[in-house]
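Student: To be precise about what I am sending: the file is called entry-v9.txt and holds compact mmCIF, C-alpha atoms.
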```txt
# COMPACT_ATOMS: atom_id res chain seq x y z
CA MET X 44 96.62 -12.22 52.42
CA HIS X 45 94.55 -9.40 50.94
CA VAL X 46 92.61 -11.88 48.82
CA GLU X 47 91.72 -13.88 51.91
CA LYS X 48 90.53 -10.75 53.67
CA LEU X 49 88.48 -9.76 50.63
CA ASN X 50 86.95 -13.24 50.48
CA LEU X 51 86.11 -13.08 54.18
CA LEU X 52 84.62 -9.62 53.76
CA GLU X 53 82.57 -10.84 50.80
CA LYS X 54 81.21 -13.77 52.83
CA ARG X 55 80.33 -11.45 55.69
CA LEU X 56 78.59 -9.06 53.31
CA GLU X 57 76.63 -11.94 51.76
CA LYS X 58 75.57 -13.07 55.21
CA PHE X 59 74.62 -9.49 56.09
CA VAL X 60 72.51 -9.21 52.92
CA GLU X 61 70.80 -12.54 53.69
CA CYS X 62 70.08 -11.44 57.27
CA PHE X 63 68.82 -8.08 56.07
CA ALA X 64 66.50 -9.74 53.54
CA GLN X 65 65.17 -12.08 56.23
CA LEU X 66 64.62 -9.19 58.60
CA LYS X 67 62.68 -7.33 55.91
CA GLU X 68 60.45 -10.38 55.38
CA ASP X 69 59.95 -10.80 59.12
CA ASN X 70 59.17 -7.12 59.48
CA GLU X 71 56.54 -7.25 56.73
CA ALA X 72 54.97 -10.35 58.28
CA LEU X 73 54.84 -8.63 61.66
CA ARG X 74 53.31 -5.51 60.12
CA LEU X 75 50.58 -7.59 58.49
CA HIS X 76 49.97 -9.42 61.75
CA LEU X 77 49.78 -6.13 63.64
CA GLU X 78 47.37 -4.69 61.09
CA SER X 79 45.17 -7.77 61.41
CA LYS X 80 45.17 -7.53 65.19
CA SER X 81 44.49 -3.80 65.05
CA ASP X 82 41.47 -4.43 62.83
CA ARG X 83 40.24 -7.06 65.29
CA ILE X 84 40.68 -4.64 68.18
CA VAL X 85 38.52 -2.08 66.37
CA GLU X 86 35.86 -4.76 65.81
CA LEU X 87 35.93 -5.80 69.46
CA GLU X 88 35.76 -2.20 70.67
CA ALA X 89 32.66 -1.66 68.54
CA GLU X 90 31.16 -4.85 69.95
CA VAL X 91 31.91 -3.72 73.52
CA ASP X 92 30.29 -0.35 72.82
CA GLY X 93 27.17 -2.12 71.54
CA LEU X 94 27.07 -4.36 74.59
CA LYS X 95 27.42 -1.35 76.88
CA ARG X 96 24.47 0.33 75.15
CA ARG X 97 22.39 -2.84 75.48
CA ARG X 98 23.34 -3.15 79.15
CA GLU X 99 22.25 0.44 79.78
CA GLN X 100 18.96 -0.16 77.98
CA PHE X 101 18.44 -3.27 80.11
CA ARG X 102 19.15 -1.31 83.28
CA VAL X 103 16.64 1.35 82.28
CA GLY X 104 14.07 -1.38 81.62
CA VAL X 105 14.75 -3.01 85.00
CA ASP X 106 14.41 0.36 86.73
CA ARG X 107 11.03 0.89 85.03
CA VAL X 108 9.84 -2.56 86.07
CA ASN X 109 11.01 -1.91 89.64
CA ALA X 110 9.10 1.38 89.68
CA VAL X 111 5.93 -0.37 88.52
CA VAL X 112 6.39 -3.11 91.12
CA LYS X 113 6.79 -0.50 93.87
CA LYS X 114 3.61 1.25 92.74
CA LEU X 115 1.74 -2.05 92.73
CA GLU X 116 3.02 -2.83 96.22
CA GLN X 117 1.96 0.60 97.43
CA TYR X 118 -1.47 0.13 95.81
CA ARG X 119 -1.80 -3.29 97.47
CA GLU X 120 -0.84 -1.82 100.85
CA VAL X 121 -3.48 0.91 100.46
CA GLU X 122 -6.10 -1.64 99.40
CA THR X 123 -5.17 -3.93 102.26
CA ALA X 124 -5.36 -1.09 104.75
CA ASN X 125 -8.87 -0.16 103.63
```
Transcribe the structure of this file into structure tokens.
Tutor:
Amino acid sequence: MHVEKLNLLEKRLEKFVECFAQLKEDNEALRLHLESKSDRIVELEAEVDGLKRRREQFRVGVDRVNAVVKKLEQYREVETAN
């Protein structure tokens, strides 16, 4: 009876060790995957920041063009009135 219990305990321990080893492998794979995704997030955040700067530069350029167009329209109105 004790031998059977010891054998059962040994089998359970072997299964536990196998599961533990698999969990360690899975954990390492997940850590590597997370690290890869974290690196990609940093890259994308940098890209977004660059796009925001470009968008702001574009807006400034559009505002300048609009200001010039308004001045030209005002000049044309003055010329037309004279």
Student: May I ask for the distance between atom CA of X:Glu86 and atom CA of X:Arg74, given in Å to one decimal place?
Tutor: 18.4 Å
Student: Tell me, in Å to one decimal, how far atom CA of X:Glu71 is from atom CA of X:Leu56.
Tutor: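 Going from atom CA of X:Glu71 over to atom CA of X:Leu56 covers 22.4 Å.
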Student: Quick one: pull the distance between atom CA of X:Ala89 and atom CA of X:Val105, Å, one decimal.
Tutor: 24.4 Å
Student: Edge lengths and centre in Å to one decimal, as AutoDock Vina command-line options, of the axis-aligned box that encloses all listed atoms of stretch 48-52 of chain X with 3 Å added on every side?
Tutor:
```
--center_x 87.6 --center_y -11.4 --center_z 52.3 --size_x 11.9 --size_y 9.6 --size_z 9.7
```
